[in-house]
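Listing of upload_20.cif; format and content: mmCIF, C-alpha atoms.
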data_final
#
loop_
_atom_site.label_atom_id
_atom_site.label_comp_id
_atom_site.auth_asym_id
_atom_site.auth_seq_id
_atom_site.Cartn_x
_atom_site.Cartn_y
_atom_site.Cartn_z
CA MET C 270 -48.76 -61.56 -12.17
CA LYS C 271 -47.24 -64.75 -13.52
CA GLN C 272 -49.58 -67.39 -14.90
CA LEU C 273 -49.07 -70.94 -16.15
CA ILE C 274 -51.88 -72.38 -18.28
CA LEU C 275 -51.73 -76.11 -18.97
CA GLY C 276 -54.03 -78.45 -20.85
CA GLY C 277 -54.20 -81.14 -23.46
CA VAL C 278 -54.21 -80.61 -27.21
CA ARG C 279 -57.28 -78.54 -28.23
CA SER C 280 -58.28 -78.05 -24.59
CA GLY C 281 -58.80 -74.28 -24.95
CA LYS C 282 -55.57 -73.22 -23.21
CA SER C 283 -54.41 -70.92 -26.03
CA ARG C 284 -57.75 -69.14 -26.29
CA LEU C 285 -57.82 -68.68 -22.52
CA ALA C 286 -54.28 -67.27 -22.53
CA GLU C 287 -55.14 -64.87 -25.36
CA GLN C 288 -58.30 -63.76 -23.54
CA ARG C 289 -56.33 -63.08 -20.36
CA ALA C 290 -53.67 -61.17 -22.31
CA ARG C 291 -56.36 -59.00 -23.97
CA SER C 292 -58.05 -58.28 -20.65
CA SER C 293 -54.75 -57.38 -18.94
CA GLY C 294 -54.99 -53.84 -20.31
CA ARG C 295 -51.29 -53.93 -21.11
CA GLU C 296 -49.24 -53.91 -24.29
CA VAL C 297 -49.00 -57.57 -25.36
CA VAL C 298 -45.88 -59.28 -26.66
CA TYR C 299 -46.72 -62.70 -28.09
CA ILE C 300 -43.67 -64.97 -27.98
CA ALA C 301 -44.07 -67.85 -30.43
CA THR C 302 -41.81 -70.88 -30.07
CA ALA C 303 -43.03 -72.96 -33.03
CA VAL C 304 -40.64 -73.78 -35.83
CA VAL C 305 -42.34 -73.87 -39.22
CA ALA C 306 -40.76 -76.70 -41.13
CA GLY C 307 -42.49 -78.61 -43.91
CA ASP C 308 -45.33 -79.70 -41.63
CA THR C 309 -48.56 -78.40 -43.18
CA GLU C 310 -50.59 -79.13 -40.03
CA VAL C 311 -48.28 -76.96 -37.92
CA GLN C 312 -48.43 -74.25 -40.59
CA ALA C 313 -52.25 -74.34 -40.46
CA ARG C 314 -52.26 -74.05 -36.65
CA ILE C 315 -49.88 -71.12 -36.81
CA ARG C 316 -52.16 -69.39 -39.33
CA GLN C 317 -55.14 -69.92 -36.98
CA HIS C 318 -53.23 -68.46 -34.03
CA ARG C 319 -52.09 -65.46 -36.10
CA ALA C 320 -55.64 -64.80 -37.32
CA ARG C 321 -56.94 -64.71 -33.73
CA ARG C 322 -54.31 -62.27 -32.48
CA PRO C 323 -55.00 -58.53 -32.54
CA GLN C 324 -52.86 -56.65 -35.07
CA GLU C 325 -51.37 -54.40 -32.39
CA TRP C 326 -49.74 -57.30 -30.55
CA LEU C 327 -46.01 -57.54 -31.14
CA THR C 328 -45.02 -61.07 -32.18
CA VAL C 329 -41.54 -62.37 -31.42
CA GLU C 330 -40.52 -65.75 -32.76
CA GLU C 331 -37.95 -67.56 -30.62
CA PRO C 332 -37.61 -71.35 -30.66
CA ILE C 333 -34.64 -71.71 -28.27
CA ALA C 334 -33.47 -68.70 -26.19
CA LEU C 335 -36.74 -68.09 -24.35
CA GLY C 336 -35.20 -66.73 -21.15
CA ASN C 337 -33.26 -64.08 -23.08
CA VAL C 338 -36.38 -63.00 -25.00
CA LEU C 339 -38.39 -62.68 -21.78
CA ARG C 340 -35.69 -60.48 -20.26
CA ALA C 341 -35.48 -58.34 -23.40
CA HIS C 342 -39.24 -57.65 -23.58
CA ALA C 343 -40.38 -57.63 -19.94
CA SER C 344 -41.56 -54.40 -18.37
CA PRO C 345 -44.21 -53.43 -15.82
CA GLU C 346 -46.41 -52.09 -18.67
CA ARG C 347 -46.35 -55.29 -20.74
CA CYS C 348 -48.00 -58.66 -20.84
CA LEU C 349 -45.78 -61.38 -22.27
CA LEU C 350 -47.61 -64.42 -23.63
CA VAL C 351 -45.47 -67.50 -24.38
CA GLU C 352 -47.01 -70.02 -26.78
CA CYS C 353 -45.89 -72.68 -26.14
CA LEU C 354 -43.55 -74.30 -23.64
CA THR C 355 -44.10 -77.75 -25.12
CA LEU C 356 -42.87 -76.71 -28.57
CA TRP C 357 -39.93 -74.89 -26.99
CA LEU C 358 -39.01 -78.03 -25.07
CA THR C 359 -39.29 -80.13 -28.23
CA ASN C 360 -37.07 -77.68 -30.12
CA LEU C 361 -34.41 -77.99 -27.45
CA LEU C 362 -34.50 -81.76 -27.06
CA VAL C 363 -34.51 -82.46 -30.79
CA ALA C 364 -32.53 -79.64 -32.40
CA GLN C 365 -30.34 -78.33 -29.55
CA PRO C 366 -30.08 -81.07 -26.86
CA GLY C 367 -26.73 -79.75 -25.63
CA ARG C 368 -28.34 -76.43 -24.68
CA PHE C 369 -31.29 -77.89 -22.75
CA ASP C 370 -29.99 -77.50 -19.19
CA ASP C 371 -28.68 -73.96 -19.73
CA GLU C 372 -31.83 -72.76 -21.52
CA ARG C 373 -34.09 -74.32 -18.87
CA ARG C 374 -32.14 -72.56 -16.11
CA SER C 375 -32.26 -69.30 -18.08
CA LEU C 376 -36.03 -69.55 -18.52
CA CYS C 377 -36.72 -70.31 -14.87
CA ALA C 378 -34.43 -67.50 -13.71
CA ALA C 379 -36.13 -65.06 -16.08
CA VAL C 380 -39.59 -66.07 -14.83
CA ALA C 381 -38.48 -65.57 -11.23
CA GLU C 382 -37.04 -62.09 -11.83
CA LEU C 383 -39.16 -60.40 -14.49
CA SER C 384 -41.67 -57.63 -13.94
CA GLY C 385 -45.03 -57.13 -15.61
CA THR C 386 -47.53 -59.80 -16.57
CA LEU C 387 -46.45 -63.18 -17.89
CA ILE C 388 -48.68 -65.92 -19.30
CA LEU C 389 -47.02 -69.25 -20.11
CA VAL C 390 -48.89 -71.91 -22.13
CA GLY C 391 -47.96 -75.59 -22.23
CA ASN C 392 -49.38 -79.02 -22.92
CA GLU C 393 -50.00 -81.19 -19.88
CA THR C 394 -48.43 -84.44 -21.04
CA GLY C 395 -48.27 -86.31 -17.73
CA LEU C 396 -51.76 -87.78 -17.90
CA GLY C 397 -51.07 -90.45 -20.53
CA VAL C 398 -49.18 -93.66 -21.04
CA VAL C 399 -45.40 -93.62 -20.64
CA PRO C 400 -43.98 -94.20 -24.14
CA LEU C 401 -41.39 -96.81 -25.04
CA GLY C 402 -38.89 -94.53 -26.82
CA ALA C 403 -36.03 -92.97 -24.86
CA LEU C 404 -36.50 -89.50 -26.41
CA SER C 405 -40.24 -89.57 -25.68
CA ARG C 406 -39.61 -90.55 -22.06
CA ARG C 407 -36.99 -87.81 -21.72
CA PHE C 408 -39.50 -85.31 -23.14
CA LEU C 409 -42.20 -86.37 -20.63
CA ASP C 410 -39.77 -86.21 -17.71
CA ALA C 411 -38.42 -82.81 -18.79
CA SER C 412 -41.94 -81.48 -19.37
CA GLY C 413 -43.16 -82.60 -15.96
CA GLU C 414 -40.13 -81.17 -14.18
CA LEU C 415 -40.39 -77.88 -16.08
CA HIS C 416 -44.09 -77.49 -15.31
CA GLN C 417 -43.52 -78.22 -11.62
CA THR C 418 -40.73 -75.64 -11.40
CA LEU C 419 -42.73 -72.99 -13.28
CA ALA C 420 -45.87 -73.72 -11.24
CA ALA C 421 -43.90 -72.97 -8.08
CA LEU C 422 -42.72 -69.65 -9.60
CA CYS C 423 -46.16 -68.57 -10.88
CA ASP C 424 -48.91 -66.82 -8.93
CA CYS C 425 -51.66 -68.60 -10.84
CA VAL C 426 -51.77 -72.08 -12.40
CA THR C 427 -54.75 -73.11 -14.53
CA LEU C 428 -55.59 -76.46 -16.09
CA THR C 429 -57.96 -76.34 -19.07
CA VAL C 430 -60.21 -79.24 -20.01
CA ALA C 431 -62.87 -79.05 -22.74
CA GLY C 432 -62.50 -75.27 -22.82
CA LEU C 433 -63.12 -74.95 -19.08
CA PRO C 434 -60.48 -73.46 -16.77
CA PHE C 435 -59.76 -75.12 -13.43
CA GLU C 436 -57.71 -72.93 -11.11
CA LEU C 437 -55.09 -75.08 -9.40
CA LYS C 438 -53.22 -72.23 -7.71
CA GLY C 439 -54.21 -68.61 -7.12
CA ARG C 440 -56.61 -66.60 -9.25
CA PRO C 441 -55.92 -64.73 -12.48
CA ALA C 442 -55.75 -60.96 -12.15
#
Go ahead and express the file in the form of structure tokens.
Amino acid sequence: MKQLILGGVRSGKSRLAEQRARSSGREVVYIATAVVAGDTEVQARIRQHRARRPQEWLTVEEPIALGNVLRAHASPERCLLVECLTLWLTNLLVAQPGRFDDERRSLCAAVAELSGTLILVGNETGLGVVPLGALSRRFLDASGELHQTLAALCDCVTLTVAGLPFELKGRPA
């Protein structure tokens, strides 16, 4: 079962993904894409996410090569939870723009071929105003295209709003 969970900031998407991973009955591998720089707000959010996760979950931190990490950890007995696509996309566009196309292709190919349970989490950014900056517009375009491609590859797509899940495609297992 492949799931894509989208929502705005603080919409409840991460909690929903964690709940679904726990209820999968499988060994969970939590794949974190955040890069901890000097941003204290990001550090605080990472601490909150870590505190919510069960100790037995394996955490893998990978800000760039997401497709390779999915391939390395996927198995029929596991649930892979990716938190979050939006940070991964930001990492690529800002720190490694030359690798964007290859890493995007690698991720989508991995999603299409992997076995086991996969839960992908991302921010839905296409509901707001189109920004003036070129990098911001590129990010929105890339995010929208990525979400559309992954939605087509996933069995279940959920949009979260105010902590409530709205099933857009399929039903979670």
**Q.** Picked residues, the PyMOL selection byres ((chain C and resi 328) around 12), expected as a PyMOL selection string
**A.** chain C and resi 296-302+318-319+322-327+329-331+338+342+348-352
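Here atom CA of Leu387 of chain C and atom CA of Met270 of chain C stand 6.4 Å from one another.
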Q: Go through C:Thr429, C:Leu335, C:Pro366, C:Arg291 one by one, measure the shortest atom-to-atom distance of each to Arg407 of chain C using only C-alpha atoms, and give the residue with the smallest value.
A: C:Pro366
Q: Let me know the residues the PyMOL selection byres ((chain C and resi 427) around 7) catches in the file above, as a ChimeraX atom specification.
A: /C:273-275,425-426,428-429,434-437
Would you save the residues from that selection as a PDB file, keeping the file's coordinate frame, using C-alpha atoms?
ATOM      1  CA  LEU C 273     -49.070 -70.940 -16.150  1.00  0.00           C
ATOM      2  CA  ILE C 274     -51.880 -72.380 -18.280  1.00  0.00           C
ATOM      3  CA  LEU C 275     -51.730 -76.110 -18.970  1.00  0.00           C
ATOM      4  CA  CYS C 425     -51.660 -68.600 -10.840  1.00  0.00           C
ATOM      5  CA  VAL C 426     -51.770 -72.080 -12.400  1.00  0.00           C
ATOM      6  CA  LEU C 428     -55.590 -76.460 -16.090  1.00  0.00           C
ATOM      7  CA  THR C 429     -57.960 -76.340 -19.070  1.00  0.00           C
ATOM      8  CA  PRO C 434     -60.480 -73.460 -16.770  1.00  0.00           C
ATOM      9  CA  PHE C 435     -59.760 -75.120 -13.430  1.00  0.00           C
ATOM     10  CA  GLU C 436     -57.710 -72.930 -11.110  1.00  0.00           C
ATOM     11  CA  LEU C 437     -55.090 -75.080  -9.400  1.00  0.00           C
TER      12      LEU C 437
END
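Environment of (-40.2, -78.4, -28.7): residues at most 10 Å away, judged by all atoms listed in the file, are Thr302, Ala303, Val304, Pro332, Ile333, Cys353, Leu354, Thr355, Leu356, Trp357, Leu358, Thr359, Asn360, Leu361, Leu362, Val363, Ala364, Gln365, Phe408 and Ser412 of chain C.
Minimum atom-to-atom distance to Gln317 of chain C, evaluated using all atoms listed in the file, belongs to C:Arg284 out of C:Arg284, C:Arg406, C:Arg340, C:Arg440.
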Box along x, y and z, 4 Å on every side, all listed atoms of segment 317-331 of chain C inside: centre and edge lengths in Å to one decimal, as JSON.
{"center_x": -47.4, "center_y": -62.2, "center_z": -33.9, "size_x": 27.0, "size_y": 23.5, "size_z": 14.8}
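Distances here use all atoms listed in the file; by that measure, the residue among C:Ala313, C:Ala421, C:Ala431, C:Ile388 closest to Gly281 of chain C is C:Ala431.
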Q: Using atom CA of Ala334 of chain C and atom CA of Leu285 of chain C as the two end points, give the distance in Å to one decimal.
A: 24.6 Å
Q. So what do you get for atom CA of Asn392 of chain C versus atom CA of Cys377 of chain C, distance-wise?
A. 17.3 Å
Q | Cut-off 8 Å around (-53.0, -56.8, -17.8) with all atoms listed in the file: residues as a list in words | A | Arg289, Ala290, Arg291, Ser292, Ser293, Gly294, Arg295, Arg347, Cys348, Thr386 and Ala442 of chain C
Can those selected residues be exported to a file as a compact mmCIF listing (two decimals), keeping the file's coordinate frame so that it contains C-alpha atoms?
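Contents of part-v2.txt, freshly written:
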# COMPACT_ATOMS: atom_id res chain seq x y z
CA ARG C 289 -56.33 -63.08 -20.36
CA ALA C 290 -53.67 -61.17 -22.31
CA ARG C 291 -56.36 -59.00 -23.97
CA SER C 292 -58.05 -58.28 -20.65
CA SER C 293 -54.75 -57.38 -18.94
CA GLY C 294 -54.99 -53.84 -20.31
CA ARG C 295 -51.29 -53.93 -21.11
CA ARG C 347 -46.35 -55.29 -20.74
CA CYS C 348 -48.00 -58.66 -20.84
CA THR C 386 -47.53 -59.80 -16.57
CA ALA C 442 -55.75 -60.96 -12.15
Rebuild N, CA and C atoms on segment 390-417 of chain C, as a JSON list (two decimals), in the frame of the given file?
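The resulting file, part_35.json, is reproduced below:
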[["chain", "number", "residue", "atom", "x", "y", "z"],
["C", 390, "VAL", "N", -47.96, -70.88, -21.67],
["C", 390, "VAL", "CA", -48.89, -71.91, -22.13],
["C", 390, "VAL", "C", -48.10, -73.18, -22.42],
["C", 391, "GLY", "N", -48.62, -74.32, -21.94],
["C", 391, "GLY", "CA", -47.96, -75.59, -22.23],
["C", 391, "GLY", "C", -48.94, -76.74, -22.23],
["C", 392, "ASN", "N", -48.56, -77.81, -22.90],
["C", 392, "ASN", "CA", -49.38, -79.02, -22.92],
["C", 392, "ASN", "C", -49.10, -79.85, -21.68],
["C", 393, "GLU", "N", -50.15, -80.26, -21.01],
["C", 393, "GLU", "CA", -50.00, -81.19, -19.88],
["C", 393, "GLU", "C", -49.88, -82.59, -20.48],
["C", 394, "THR", "N", -48.69, -83.15, -20.41],
["C", 394, "THR", "CA", -48.43, -84.44, -21.04],
["C", 394, "THR", "C", -48.35, -85.58, -20.03],
["C", 395, "GLY", "N", -48.45, -85.29, -18.77],
["C", 395, "GLY", "CA", -48.27, -86.31, -17.73],
["C", 395, "GLY", "C", -49.50, -87.12, -17.40],
["C", 396, "LEU", "N", -50.53, -87.05, -18.20],
["C", 396, "LEU", "CA", -51.76, -87.78, -17.90],
["C", 396, "LEU", "C", -51.91, -89.03, -18.75],
["C", 397, "GLY", "N", -50.94, -89.33, -19.59],
["C", 397, "GLY", "CA", -51.07, -90.45, -20.53],
["C", 397, "GLY", "C", -50.14, -91.59, -20.21],
["C", 398, "VAL", "N", -50.02, -92.48, -21.15],
["C", 398, "VAL", "CA", -49.18, -93.66, -21.04],
["C", 398, "VAL", "C", -47.72, -93.26, -21.23],
["C", 399, "VAL", "N", -46.83, -93.88, -20.48],
["C", 399, "VAL", "CA", -45.40, -93.62, -20.64],
["C", 399, "VAL", "C", -44.94, -94.34, -21.91],
["C", 400, "PRO", "N", -44.38, -93.60, -22.86],
["C", 400, "PRO", "CA", -43.98, -94.20, -24.14],
["C", 400, "PRO", "C", -42.74, -95.08, -24.02],
["C", 401, "LEU", "N", -42.52, -95.90, -25.02],
["C", 401, "LEU", "CA", -41.39, -96.81, -25.04],
["C", 401, "LEU", "C", -40.08, -96.15, -25.43],
["C", 402, "GLY", "N", -40.11, -95.15, -26.31],
["C", 402, "GLY", "CA", -38.89, -94.53, -26.82],
["C", 402, "GLY", "C", -38.17, -93.68, -25.79],
["C", 403, "ALA", "N", -36.84, -93.72, -25.82],
["C", 403, "ALA", "CA", -36.03, -92.97, -24.86],
["C", 403, "ALA", "C", -36.24, -91.45, -24.99],
["C", 404, "LEU", "N", -36.29, -90.93, -26.22],
["C", 404, "LEU", "CA", -36.50, -89.50, -26.41],
["C", 404, "LEU", "C", -37.88, -89.08, -25.90],
["C", 405, "SER", "N", -38.89, -89.88, -26.16],
["C", 405, "SER", "CA", -40.24, -89.57, -25.68],
["C", 405, "SER", "C", -40.30, -89.57, -24.16],
["C", 406, "ARG", "N", -39.64, -90.51, -23.53],
["C", 406, "ARG", "CA", -39.61, -90.55, -22.06],
["C", 406, "ARG", "C", -38.85, -89.35, -21.51],
["C", 407, "ARG", "N", -37.75, -88.98, -22.17],
["C", 407, "ARG", "CA", -36.99, -87.81, -21.72],
["C", 407, "ARG", "C", -37.85, -86.55, -21.84],
["C", 408, "PHE", "N", -38.60, -86.45, -22.94],
["C", 408, "PHE", "CA", -39.50, -85.31, -23.14],
["C", 408, "PHE", "C", -40.53, -85.24, -22.01],
["C", 409, "LEU", "N", -41.19, -86.36, -21.69],
["C", 409, "LEU", "CA", -42.20, -86.37, -20.63],
["C", 409, "LEU", "C", -41.59, -85.99, -19.29],
["C", 410, "ASP", "N", -40.43, -86.55, -18.98],
["C", 410, "ASP", "CA", -39.77, -86.21, -17.71],
["C", 410, "ASP", "C", -39.41, -84.72, -17.67],
["C", 411, "ALA", "N", -38.82, -84.22, -18.75],
["C", 411, "ALA", "CA", -38.42, -82.81, -18.79],
["C", 411, "ALA", "C", -39.64, -81.90, -18.71],
["C", 412, "SER", "N", -40.71, -82.27, -19.39],
["C", 412, "SER", "CA", -41.94, -81.48, -19.37],
["C", 412, "SER", "C", -42.53, -81.42, -17.96],
["C", 413, "GLY", "N", -42.62, -82.56, -17.32],
["C", 413, "GLY", "CA", -43.16, -82.60, -15.96],
["C", 413, "GLY", "C", -42.34, -81.79, -14.99],
["C", 414, "GLU", "N", -41.01, -81.93, -15.07],
["C", 414, "GLU", "CA", -40.13, -81.17, -14.18],
["C", 414, "GLU", "C", -40.23, -79.67, -14.45],
["C", 415, "LEU", "N", -40.27, -79.29, -15.73],
["C", 415, "LEU", "CA", -40.39, -77.88, -16.08],
["C", 415, "LEU", "C", -41.69, -77.29, -15.56],
["C", 416, "HIS", "N", -42.79, -78.00, -15.77],
["C", 416, "HIS", "CA", -44.09, -77.49, -15.31],
["C", 416, "HIS", "C", -44.13, -77.36, -13.79],
["C", 417, "GLN", "N", -43.55, -78.31, -13.08],
["C", 417, "GLN", "CA", -43.52, -78.22, -11.62],
["C", 417, "GLN", "C", -42.71, -77.00, -11.15]]
